[in-house]
$ cat target_16.pdb   # PDB, C-alpha atoms, pLDDT in the B column
MODEL        1
ATOM      1  CA  MET A 165       0.000   0.000   0.000  1.00 86.00           C
ATOM      2  CA  ALA A 166       1.556   3.312  -1.113  1.00 93.00           C
ATOM      3  CA  LYS A 167       1.527   6.203   1.368  1.00 92.00           C
ATOM      4  CA  GLU A 168       2.208   9.941   1.089  1.00 94.00           C
ATOM      5  CA  ILE A 169       4.309  11.776   3.679  1.00 94.00           C
ATOM      6  CA  TRP A 170       2.453  14.739   5.241  1.00 92.00           C
ATOM      7  CA  LYS A 171       3.611  17.364   7.685  1.00 94.00           C
ATOM      8  CA  PRO A 172       2.830  16.701  11.383  1.00 93.00           C
ATOM      9  CA  GLY A 173      -0.826  17.217  12.252  1.00 91.00           C
ATOM     10  CA  ASN A 174      -3.662  16.009  14.443  1.00 89.00           C
ATOM     11  CA  LEU A 175      -5.138  13.186  12.391  1.00 90.00           C
ATOM     12  CA  LEU A 176      -5.961  10.963  15.349  1.00 92.00           C
ATOM     13  CA  ASN A 177      -9.509  10.020  14.401  1.00 94.00           C
ATOM     14  CA  PRO A 178     -12.302   9.408  15.208  1.00 95.00           C
ATOM     15  CA  VAL A 179     -12.757  11.306  18.470  1.00 96.00           C
ATOM     16  CA  PRO A 180     -15.795  11.883  20.703  1.00 95.00           C
ATOM     17  CA  ALA A 181     -17.549  15.245  20.278  1.00 92.00           C
ATOM     18  CA  VAL A 182     -18.829  15.738  23.826  1.00 98.00           C
ATOM     19  CA  MET A 183     -20.531  18.684  25.489  1.00 98.00           C
ATOM     20  CA  LEU A 184     -18.834  20.089  28.568  1.00 98.00           C
ATOM     21  CA  SER A 185     -21.073  22.051  30.937  1.00 98.00           C
ATOM     22  CA  CYS A 186     -19.750  24.511  33.518  1.00 98.00           C
ATOM     23  CA  ALA A 187     -20.863  27.569  35.510  1.00 98.00           C
ATOM     24  CA  ARG A 188     -19.670  30.541  37.552  1.00 96.00           C
ATOM     25  CA  PRO A 189     -21.477  31.821  40.662  1.00 95.00           C
ATOM     26  CA  GLY A 190     -24.315  34.163  39.723  1.00 93.00           C
ATOM     27  CA  GLU A 191     -23.960  33.608  35.961  1.00 95.00           C
ATOM     28  CA  LYS A 192     -25.798  31.487  33.406  1.00 96.00           C
ATOM     29  CA  PRO A 193     -24.312  28.028  32.913  1.00 97.00           C
ATOM     30  CA  ASN A 194     -22.380  27.413  29.720  1.00 98.00           C
ATOM     31  CA  ILE A 195     -21.652  24.550  27.319  1.00 98.00           C
ATOM     32  CA  ILE A 196     -18.551  24.035  25.188  1.00 98.00           C
ATOM     33  CA  THR A 197     -18.235  21.187  22.717  1.00 98.00           C
ATOM     34  CA  VAL A 198     -14.834  19.512  22.810  1.00 97.00           C
ATOM     35  CA  ALA A 199     -13.368  16.678  20.770  1.00 95.00           C
ATOM     36  CA  TRP A 200      -9.874  16.554  22.257  1.00 96.00           C
ATOM     37  CA  THR A 201     -10.742  14.523  25.332  1.00 97.00           C
ATOM     38  CA  GLY A 202      -9.971  11.035  26.552  1.00 96.00           C
ATOM     39  CA  THR A 203      -9.484   8.582  29.386  1.00 97.00           C
ATOM     40  CA  VAL A 204      -6.126   8.862  31.180  1.00 98.00           C
ATOM     41  CA  CYS A 205      -6.475   6.701  34.309  1.00 98.00           C
ATOM     42  CA  SER A 206      -8.799   4.075  35.788  1.00 97.00           C
ATOM     43  CA  GLU A 207      -7.734   4.162  39.461  1.00 97.00           C
ATOM     44  CA  PRO A 208      -8.731   6.827  40.276  1.00 98.00           C
ATOM     45  CA  PRO A 209     -10.962   7.320  37.225  1.00 98.00           C
ATOM     46  CA  MET A 210      -9.615  10.344  35.351  1.00 98.00           C
ATOM     47  CA  LEU A 211      -9.936  12.014  31.977  1.00 98.00           C
ATOM     48  CA  SER A 212      -8.365  14.903  30.106  1.00 98.00           C
ATOM     49  CA  VAL A 213      -9.779  17.811  28.124  1.00 98.00           C
ATOM     50  CA  ALA A 214      -7.744  20.185  25.926  1.00 98.00           C
ATOM     51  CA  ILE A 215      -9.126  23.745  25.607  1.00 98.00           C
ATOM     52  CA  ARG A 216      -7.699  26.938  24.139  1.00 97.00           C
ATOM     53  CA  PRO A 217      -7.081  29.639  26.791  1.00 97.00           C
ATOM     54  CA  ASP A 218      -9.103  32.198  24.814  1.00 96.00           C
ATOM     55  CA  ARG A 219     -12.293  30.113  25.002  1.00 96.00           C
ATOM     56  CA  TYR A 220     -14.937  31.470  27.362  1.00 96.00           C
ATOM     57  CA  SER A 221     -15.300  28.164  29.218  1.00 97.00           C
ATOM     58  CA  HIS A 222     -11.560  27.943  29.877  1.00 98.00           C
ATOM     59  CA  GLY A 223     -11.733  30.713  32.473  1.00 97.00           C
ATOM     60  CA  ILE A 224     -14.821  29.243  34.110  1.00 98.00           C
ATOM     61  CA  ILE A 225     -13.240  25.825  34.527  1.00 98.00           C
ATOM     62  CA  ARG A 226      -9.946  27.300  35.744  1.00 98.00           C
ATOM     63  CA  GLU A 227     -11.767  29.376  38.399  1.00 97.00           C
ATOM     64  CA  THR A 228     -14.262  26.778  39.620  1.00 98.00           C
ATOM     65  CA  GLY A 229     -12.162  23.628  39.175  1.00 98.00           C
ATOM     66  CA  GLU A 230     -15.115  21.550  37.995  1.00 98.00           C
ATOM     67  CA  PHE A 231     -17.156  20.584  34.943  1.00 98.00           C
ATOM     68  CA  VAL A 232     -19.509  17.905  33.654  1.00 98.00           C
ATOM     69  CA  LEU A 233     -18.695  15.959  30.492  1.00 98.00           C
ATOM     70  CA  ASN A 234     -21.892  14.931  28.672  1.00 98.00           C
ATOM     71  CA  LEU A 235     -21.876  12.246  25.964  1.00 98.00           C
ATOM     72  CA  THR A 236     -23.528  13.137  22.664  1.00 98.00           C
ATOM     73  CA  SER A 237     -26.206  10.924  21.141  1.00 98.00           C
ATOM     74  CA  ALA A 238     -27.299  11.231  17.527  1.00 97.00           C
ATOM     75  CA  ARG A 239     -30.288  13.389  18.412  1.00 97.00           C
ATOM     76  CA  LEU A 240     -27.980  15.837  20.226  1.00 98.00           C
ATOM     77  CA  VAL A 241     -25.492  16.338  17.376  1.00 98.00           C
ATOM     78  CA  LYS A 242     -27.070  19.578  16.136  1.00 98.00           C
ATOM     79  CA  ALA A 243     -27.001  20.992  19.662  1.00 98.00           C
ATOM     80  CA  ALA A 244     -23.373  19.892  20.076  1.00 98.00           C
ATOM     81  CA  ASP A 245     -22.406  21.603  16.833  1.00 97.00           C
ATOM     82  CA  LEU A 246     -24.108  24.833  17.895  1.00 97.00           C
ATOM     83  CA  CYS A 247     -22.352  24.774  21.264  1.00 97.00           C
ATOM     84  CA  GLY A 248     -19.042  24.367  19.451  1.00 96.00           C
ATOM     85  CA  VAL A 249     -19.401  27.357  17.124  1.00 95.00           C
ATOM     86  CA  ARG A 250     -21.157  29.911  19.372  1.00 95.00           C
ATOM     87  CA  SER A 251     -19.498  31.697  22.296  1.00 95.00           C
ATOM     88  CA  GLY A 252     -20.986  31.677  25.770  1.00 94.00           C
ATOM     89  CA  ARG A 253     -19.874  35.276  26.188  1.00 94.00           C
ATOM     90  CA  ASP A 254     -22.913  36.478  24.276  1.00 92.00           C
ATOM     91  CA  THR A 255     -25.113  33.364  23.951  1.00 94.00           C
ATOM     92  CA  ASP A 256     -27.205  31.380  26.400  1.00 96.00           C
ATOM     93  CA  LYS A 257     -26.359  28.017  24.874  1.00 97.00           C
ATOM     94  CA  PHE A 258     -28.734  25.998  27.032  1.00 98.00           C
ATOM     95  CA  ARG A 259     -31.640  28.106  25.795  1.00 97.00           C
ATOM     96  CA  GLU A 260     -30.542  28.354  22.156  1.00 97.00           C
ATOM     97  CA  ALA A 261     -29.745  24.626  21.875  1.00 97.00           C
ATOM     98  CA  ARG A 262     -32.972  23.767  23.734  1.00 97.00           C
ATOM     99  CA  LEU A 263     -31.128  21.827  26.382  1.00 98.00           C
ATOM    100  CA  THR A 264     -31.977  21.501  30.060  1.00 98.00           C
ATOM    101  CA  PRO A 265     -29.572  22.056  32.973  1.00 98.00           C
ATOM    102  CA  GLY A 266     -29.750  18.829  34.952  1.00 98.00           C
ATOM    103  CA  GLU A 267     -28.706  17.534  38.327  1.00 97.00           C
ATOM    104  CA  ALA A 268     -25.047  17.092  39.211  1.00 98.00           C
ATOM    105  CA  PRO A 269     -24.992  16.115  42.896  1.00 98.00           C
ATOM    106  CA  HIS A 270     -21.189  16.082  43.215  1.00 98.00           C
ATOM    107  CA  MET A 271     -20.714  19.553  41.676  1.00 98.00           C
ATOM    108  CA  ASN A 272     -20.919  22.906  43.435  1.00 97.00           C
ATOM    109  CA  LEU A 273     -22.042  24.891  40.395  1.00 97.00           C
ATOM    110  CA  ALA A 274     -21.731  22.983  37.125  1.00 98.00           C
ATOM    111  CA  PRO A 275     -24.956  21.363  35.877  1.00 98.00           C
ATOM    112  CA  SER A 276     -25.250  18.279  33.736  1.00 98.00           C
ATOM    113  CA  ILE A 277     -27.207  18.220  30.476  1.00 98.00           C
ATOM    114  CA  ALA A 278     -30.465  16.412  31.206  1.00 98.00           C
ATOM    115  CA  GLU A 279     -30.856  15.167  27.615  1.00 98.00           C
ATOM    116  CA  SER A 280     -27.434  13.481  27.548  1.00 98.00           C
ATOM    117  CA  PRO A 281     -27.481   9.690  28.032  1.00 98.00           C
ATOM    118  CA  VAL A 282     -24.366   9.715  30.234  1.00 98.00           C
ATOM    119  CA  SER A 283     -22.797  12.581  32.202  1.00 98.00           C
ATOM    120  CA  LEU A 284     -19.445  12.496  34.020  1.00 98.00           C
ATOM    121  CA  GLU A 285     -18.960  14.873  36.954  1.00 98.00           C
ATOM    122  CA  CYS A 286     -15.326  15.993  37.047  1.00 98.00           C
ATOM    123  CA  ARG A 287     -13.005  17.883  39.411  1.00 98.00           C
ATOM    124  CA  VAL A 288      -9.846  19.408  37.971  1.00 98.00           C
ATOM    125  CA  THR A 289      -6.619  18.109  39.509  1.00 98.00           C
ATOM    126  CA  GLN A 290      -4.034  19.702  37.224  1.00 98.00           C
ATOM    127  CA  ILE A 291      -3.738  22.158  34.318  1.00 98.00           C
ATOM    128  CA  LEU A 292      -0.867  21.659  31.872  1.00 98.00           C
ATOM    129  CA  PRO A 293      -0.041  24.436  29.369  1.00 98.00           C
ATOM    130  CA  LEU A 294       0.935  22.678  26.145  1.00 97.00           C
ATOM    131  CA  GLY A 295       1.031  25.389  23.480  1.00 96.00           C
ATOM    132  CA  CYS A 296      -2.128  26.584  21.776  1.00 97.00           C
ATOM    133  CA  HIS A 297      -4.176  24.433  24.217  1.00 97.00           C
ATOM    134  CA  ASP A 298      -4.163  23.836  27.972  1.00 98.00           C
ATOM    135  CA  LEU A 299      -4.746  20.283  29.122  1.00 98.00           C
ATOM    136  CA  PHE A 300      -7.142  19.904  32.061  1.00 98.00           C
ATOM    137  CA  LEU A 301      -6.660  16.665  34.006  1.00 98.00           C
ATOM    138  CA  ALA A 302      -9.704  15.819  36.075  1.00 98.00           C
ATOM    139  CA  GLU A 303     -10.948  13.093  38.371  1.00 98.00           C
ATOM    140  CA  ILE A 304     -14.393  11.643  37.660  1.00 98.00           C
ATOM    141  CA  VAL A 305     -16.269  11.955  40.955  1.00 98.00           C
ATOM    142  CA  GLY A 306     -19.743  10.960  39.791  1.00 98.00           C
ATOM    143  CA  VAL A 307     -21.539   9.362  36.845  1.00 98.00           C
ATOM    144  CA  LEU A 308     -25.151   9.921  35.781  1.00 98.00           C
ATOM    145  CA  VAL A 309     -26.664   7.280  33.461  1.00 98.00           C
ATOM    146  CA  ASP A 310     -30.061   7.316  31.764  1.00 97.00           C
ATOM    147  CA  ASP A 311     -32.011   4.454  33.313  1.00 96.00           C
ATOM    148  CA  SER A 312     -33.217   3.325  29.878  1.00 96.00           C
ATOM    149  CA  LEU A 313     -29.659   2.058  29.282  1.00 97.00           C
ATOM    150  CA  ILE A 314     -29.642  -0.230  32.333  1.00 96.00           C
ATOM    151  CA  GLU A 315     -31.083  -3.728  32.141  1.00 96.00           C
ATOM    152  CA  GLU A 316     -32.864  -5.373  35.077  1.00 94.00           C
ATOM    153  CA  SER A 317     -29.684  -7.378  35.722  1.00 95.00           C
ATOM    154  CA  GLY A 318     -27.742  -4.103  36.141  1.00 94.00           C
ATOM    155  CA  ARG A 319     -25.870  -4.464  32.853  1.00 95.00           C
ATOM    156  CA  LEU A 320     -25.105  -1.151  31.146  1.00 96.00           C
ATOM    157  CA  ARG A 321     -26.102  -1.101  27.472  1.00 95.00           C
ATOM    158  CA  LEU A 322     -24.132   1.817  26.004  1.00 95.00           C
ATOM    159  CA  ASP A 323     -24.771   0.313  22.581  1.00 94.00           C
ATOM    160  CA  LYS A 324     -28.367   1.531  22.975  1.00 95.00           C
ATOM    161  CA  ALA A 325     -27.313   5.144  23.623  1.00 97.00           C
ATOM    162  CA  ASP A 326     -26.952   5.892  19.881  1.00 96.00           C
ATOM    163  CA  LEU A 327     -23.582   7.577  20.497  1.00 97.00           C
ATOM    164  CA  THR A 328     -21.637   9.571  17.927  1.00 97.00           C
ATOM    165  CA  ALA A 329     -18.077  10.356  16.875  1.00 97.00           C
ATOM    166  CA  TYR A 330     -16.365  13.269  15.127  1.00 97.00           C
ATOM    167  CA  MET A 331     -13.898  12.765  12.296  1.00 96.00           C
ATOM    168  CA  HIS A 332     -12.173  15.377  10.134  1.00 92.00           C
ATOM    169  CA  GLY A 333     -14.920  17.974  10.501  1.00 93.00           C
ATOM    170  CA  ARG A 334     -17.871  15.580  10.241  1.00 96.00           C
ATOM    171  CA  TYR A 335     -20.168  13.837  12.725  1.00 97.00           C
ATOM    172  CA  TYR A 336     -20.893  10.112  12.519  1.00 97.00           C
ATOM    173  CA  ARG A 337     -23.229   7.703  14.255  1.00 96.00           C
ATOM    174  CA  LEU A 338     -21.528   4.634  15.748  1.00 94.00           C
ATOM    175  CA  GLY A 339     -22.498   1.446  13.953  1.00 89.00           C
ATOM    176  CA  GLU A 340     -21.647  -2.222  13.603  1.00 90.00           C
ATOM    177  CA  GLU A 341     -19.984  -4.149  16.430  1.00 90.00           C
ATOM    178  CA  LEU A 342     -16.848  -5.909  15.185  1.00 93.00           C
ATOM    179  CA  GLY A 343     -15.752  -7.797  18.290  1.00 92.00           C
ATOM    180  CA  THR A 344     -15.371  -7.713  22.058  1.00 91.00           C
ATOM    181  CA  TYR A 345     -12.294  -7.160  24.217  1.00 90.00           C
ATOM    182  CA  GLY A 346      -9.991 -10.180  23.971  1.00 92.00           C
ATOM    183  CA  TYR A 347     -11.945 -11.941  21.258  1.00 90.00           C
ATOM    184  CA  SER A 348      -8.814 -12.360  19.112  1.00 89.00           C
ATOM    185  CA  VAL A 349      -7.207 -14.724  21.648  1.00 90.00           C
ATOM    186  CA  ARG A 350     -10.316 -16.278  23.145  1.00 87.00           C
ATOM    187  CA  ARG A 351     -10.480 -20.042  22.780  1.00 83.00           C
ATOM    188  CA  LYS A 352     -13.260 -21.270  20.616  1.00 79.00           C
ATOM    189  CA  PRO A 353     -15.528 -23.929  22.117  1.00 76.00           C
ATOM    190  CA  PRO A 354     -14.699 -27.428  20.826  1.00 74.00           C
ATOM    191  CA  ALA A 355     -16.657 -28.390  17.784  1.00 73.00           C
ATOM    192  CA  LYS A 356     -19.482 -30.813  18.378  1.00 76.00           C
ATOM    193  CA  PRO A 357     -18.781 -34.308  16.961  1.00 76.00           C
ATOM    194  CA  PRO A 358     -20.827 -35.095  13.897  1.00 77.00           C
ATOM    195  CA  ALA A 359     -24.037 -36.923  14.615  1.00 74.00           C
ATOM    196  CA  ALA A 360     -23.903 -40.659  14.051  1.00 71.00           C
ATOM    197  CA  PRO A 361     -25.733 -41.729  10.903  1.00 73.00           C
ATOM    198  CA  LYS A 362     -29.117 -43.227  11.525  1.00 71.00           C
ATOM    199  CA  LYS A 363     -29.333 -46.984  10.989  1.00 67.00           C
ATOM    200  CA  LYS A 364     -31.607 -47.977   8.198  1.00 65.00           C
ATOM    201  CA  SER A 365     -34.303 -50.347   9.296  1.00 64.00           C
ATOM    202  CA  ALA A 366     -34.656 -53.625   7.404  1.00 60.00           C
ATOM    203  CA  PRO A 367     -37.499 -53.578   4.875  1.00 62.00           C
ATOM    204  CA  LYS A 368     -40.628 -55.347   5.988  1.00 63.00           C
ATOM    205  CA  VAL A 369     -41.519 -58.516   4.049  1.00 60.00           C
ATOM    206  CA  ARG A 370     -45.132 -58.821   3.190  1.00 61.00           C
ATOM    207  CA  ASN A 371     -46.794 -62.181   2.682  1.00 61.00           C
ATOM    208  CA  ALA A 372     -48.136 -62.714  -0.803  1.00 51.00           C
TER     209      ALA A 372
ENDMDL
END
$ encode --input "target_16.pdb" --output "structure tokens"
Amino acid sequence: MAKEIWKPGNLLNPVPAVMLSCARPGEKPNIITVAWTGTVCSEPPMLSVAIRPDRYSHGIIRETGEFVLNLTSARLVKAADLCGVRSGRDTDKFREARLTPGEAPHMNLAPSIAESPVSLECRVTQILPLGCHDLFLAEIVGVLVDDSLIEESGRLRLDKADLTAYMHGRYYRLGEELGTYGYSVRRKPPAKPPAAPKKKSAPKVRNA
């Protein structure tokens, strides 16, 4: 397979386009859509978010030290796009995107987005200046899950959340499952032995 050599760039794709909600005391809550985010630790559970210092939400998160990361389902993509191109300095994004500030019991100020299927309540532990972006490292201190995604057995069915991804300027709905963790080395169950052929019964002889 022939390949071209390009200059260095951020072509790590796809990425999640999630909506981050935050708030200052006495001000309207805000939403910023971010795609440069990811898991960084499982014990304690932590994630990272990269935000430009000139973004309105950057100052809010730096001052309050908290935010809620809300996963984006297919029906929320238009709202996520709006929250990524409008500034909270002069726009009430919750109202314009027709979203509802929801509960966030572990936060002091930041709300969740009620329409999001999963919301992660986060407290900032460290801010790393990297260049054009600052990287916020945060511990996940609470998780809110839509009860329609939880089976009676307690199993979480994220595959039913209709989640989305962002790739090279476009939004996509997640689709076909290709495997599960470890399936490439999982032993296959032994094949069942072929069934023994049925014995033919002797033909009956009729008296003439």
$ closest_residue --input "target_16.pdb" --among "A:Cys296, A:Val307, A:Ile277, A:Val213" --to "Leu240 (chain A)" --atoms "only C-alpha atoms"
A:Ile277
$ resolve_selection --input "target_16.pdb" --expression "the PyMOL selection byres ((chain A and resi 179) around 9)" --output "list in words"
Leu176, Asn177, Pro178, Pro180, Ala181, Ala199, Trp200, Thr201, Gly202, Ala329, Tyr330 and Met331 of chain A
$ residues_around --input "target_16.pdb" --residues "Ser206 (chain A)" --least-positions-apart "6" --cutoff "12 Å" --atoms "only C-alpha atoms" --output "JSON list (two decimals) with C-alpha atoms, in the frame of the given file"
[["chain", "number", "residue", "atom", "x", "y", "z"],
["A", 302, "ALA", "CA", -9.70, 15.82, 36.08],
["A", 303, "GLU", "CA", -10.95, 13.09, 38.37],
["A", 304, "ILE", "CA", -14.39, 11.64, 37.66]]
$ resolve_selection --input "target_16.pdb" --expression "the PyMOL selection byres ((chain A and resi 194) around 12)" --output "JSON, numbers by chain"
{"A": [183, 184, 185, 186, 187, 188, 189, 191, 192, 193, 195, 196, 197, 219, 220, 221, 222, 223, 224, 225, 231, 232, 247, 248, 250, 251, 252, 253, 254, 255, 256, 257, 258, 259, 260, 261, 263, 264, 265, 273, 274, 275, 276, 277]}
$ atom_distance --input "target_16.pdb" --atom1 "CA of Glu230 (chain A)" --atom2 "CA of Met271 (chain A)"
7.0 Å
$ residues_around --input "target_16.pdb" --residues "region 278-281 of chain A" --least-positions-apart "4" --cutoff "12 Å" --atoms "all atoms listed in the file" --output "PyMOL selection string"
chain A and resi 182-185+232-241+243-244+258+261-268+307-314+320-328
$ atom_distance --input "target_16.pdb" --atom1 "CA of Gly229 (chain A)" --atom2 "CA of Thr289 (chain A)"
7.8 Å
$ axis_aligned_box --input "target_16.pdb" --around "region 318-322 of chain A" --padding-each-side "5 Å" --output "lines of an AutoDock Vina configuration file"
center_x = -25.9
center_y = -1.3
center_z = 31.1
size_x = 13.6
size_y = 16.3
size_z = 20.1
$ residues_near_point --input "target_16.pdb" --point "(-9.7, 5.3, 40.2)" --cutoff "12 Å" --atoms "only C-alpha atoms" --output "PyMOL selection string"
chain A and resi 203-211+302-306
$ atom_distance --input "target_16.pdb" --atom1 "CA of Leu301 (chain A)" --atom2 "CA of His270 (chain A)"
17.2 Å
$ resolve_selection --input "target_16.pdb" --expression "the PyMOL selection byres ((chain A and resi 300) around 7)" --output "NGL selection string"
:A and (212-214 or 288 or 290-292 or 298-299 or 301-302)
$ closest_residue --input "target_16.pdb" --among "A:Val198, A:Pro358, A:Thr228, A:Arg216" --to "Cys286 (chain A)" --atoms "only C-alpha atoms"
A:Thr228
$ build_atoms --input "target_16.pdb" --residues "region 286-305 of chain A" --atoms "N, CA and C atoms" --output "tab-separated table (two decimals), in the coordinates of the input"
chain	number	residue	atom	x	y	z
A	286	CYS	N	-16.79	15.96	37.00
A	286	CYS	CA	-15.33	15.99	37.05
A	286	CYS	C	-14.80	17.15	37.90
A	287	ARG	N	-13.73	16.85	38.66
A	287	ARG	CA	-13.00	17.88	39.41
A	287	ARG	C	-11.58	17.97	38.86
A	288	VAL	N	-11.16	19.18	38.56
A	288	VAL	CA	-9.85	19.41	37.97
A	288	VAL	C	-8.76	19.14	39.01
A	289	THR	N	-7.75	18.38	38.62
A	289	THR	CA	-6.62	18.11	39.51
A	289	THR	C	-5.33	18.80	39.06
A	290	GLN	N	-5.27	19.11	37.75
A	290	GLN	CA	-4.03	19.70	37.22
A	290	GLN	C	-4.33	20.37	35.88
A	291	ILE	N	-3.63	21.48	35.61
A	291	ILE	CA	-3.74	22.16	34.32
A	291	ILE	C	-2.34	22.25	33.72
A	292	LEU	N	-2.18	21.69	32.53
A	292	LEU	CA	-0.87	21.66	31.87
A	292	LEU	C	-0.89	22.53	30.62
A	293	PRO	N	-0.15	23.65	30.61
A	293	PRO	CA	-0.04	24.44	29.37
A	293	PRO	C	0.79	23.67	28.35
A	294	LEU	N	0.25	23.48	27.16
A	294	LEU	CA	0.94	22.68	26.14
A	294	LEU	C	1.40	23.49	24.94
A	295	GLY	N	0.77	24.60	24.69
A	295	GLY	CA	1.03	25.39	23.48
A	295	GLY	C	-0.22	26.19	23.19
A	296	CYS	N	-0.88	25.88	22.09
A	296	CYS	CA	-2.13	26.58	21.78
A	296	CYS	C	-3.28	26.12	22.66
A	297	HIS	N	-3.15	24.97	23.32
A	297	HIS	CA	-4.18	24.43	24.22
A	297	HIS	C	-3.60	24.20	25.61
A	298	ASP	N	-4.47	24.29	26.61
A	298	ASP	CA	-4.16	23.84	27.97
A	298	ASP	C	-4.86	22.51	28.18
A	299	LEU	N	-4.17	21.59	28.84
A	299	LEU	CA	-4.75	20.28	29.12
A	299	LEU	C	-5.24	20.25	30.57
A	300	PHE	N	-6.54	20.05	30.73
A	300	PHE	CA	-7.14	19.90	32.06
A	300	PHE	C	-7.20	18.42	32.40
A	301	LEU	N	-6.53	18.02	33.48
A	301	LEU	CA	-6.66	16.66	34.01
A	301	LEU	C	-7.68	16.70	35.12
A	302	ALA	N	-8.62	15.76	35.10
A	302	ALA	CA	-9.70	15.82	36.08
A	302	ALA	C	-10.08	14.42	36.55
A	303	GLU	N	-10.46	14.34	37.81
A	303	GLU	CA	-10.95	13.09	38.37
A	303	GLU	C	-12.46	13.02	38.20
A	304	ILE	N	-12.95	11.86	37.79
A	304	ILE	CA	-14.39	11.64	37.66
A	304	ILE	C	-14.93	11.28	39.04
A	305	VAL	N	-15.78	12.15	39.59
A	305	VAL	CA	-16.27	11.96	40.96
A	305	VAL	C	-17.72	11.48	40.99
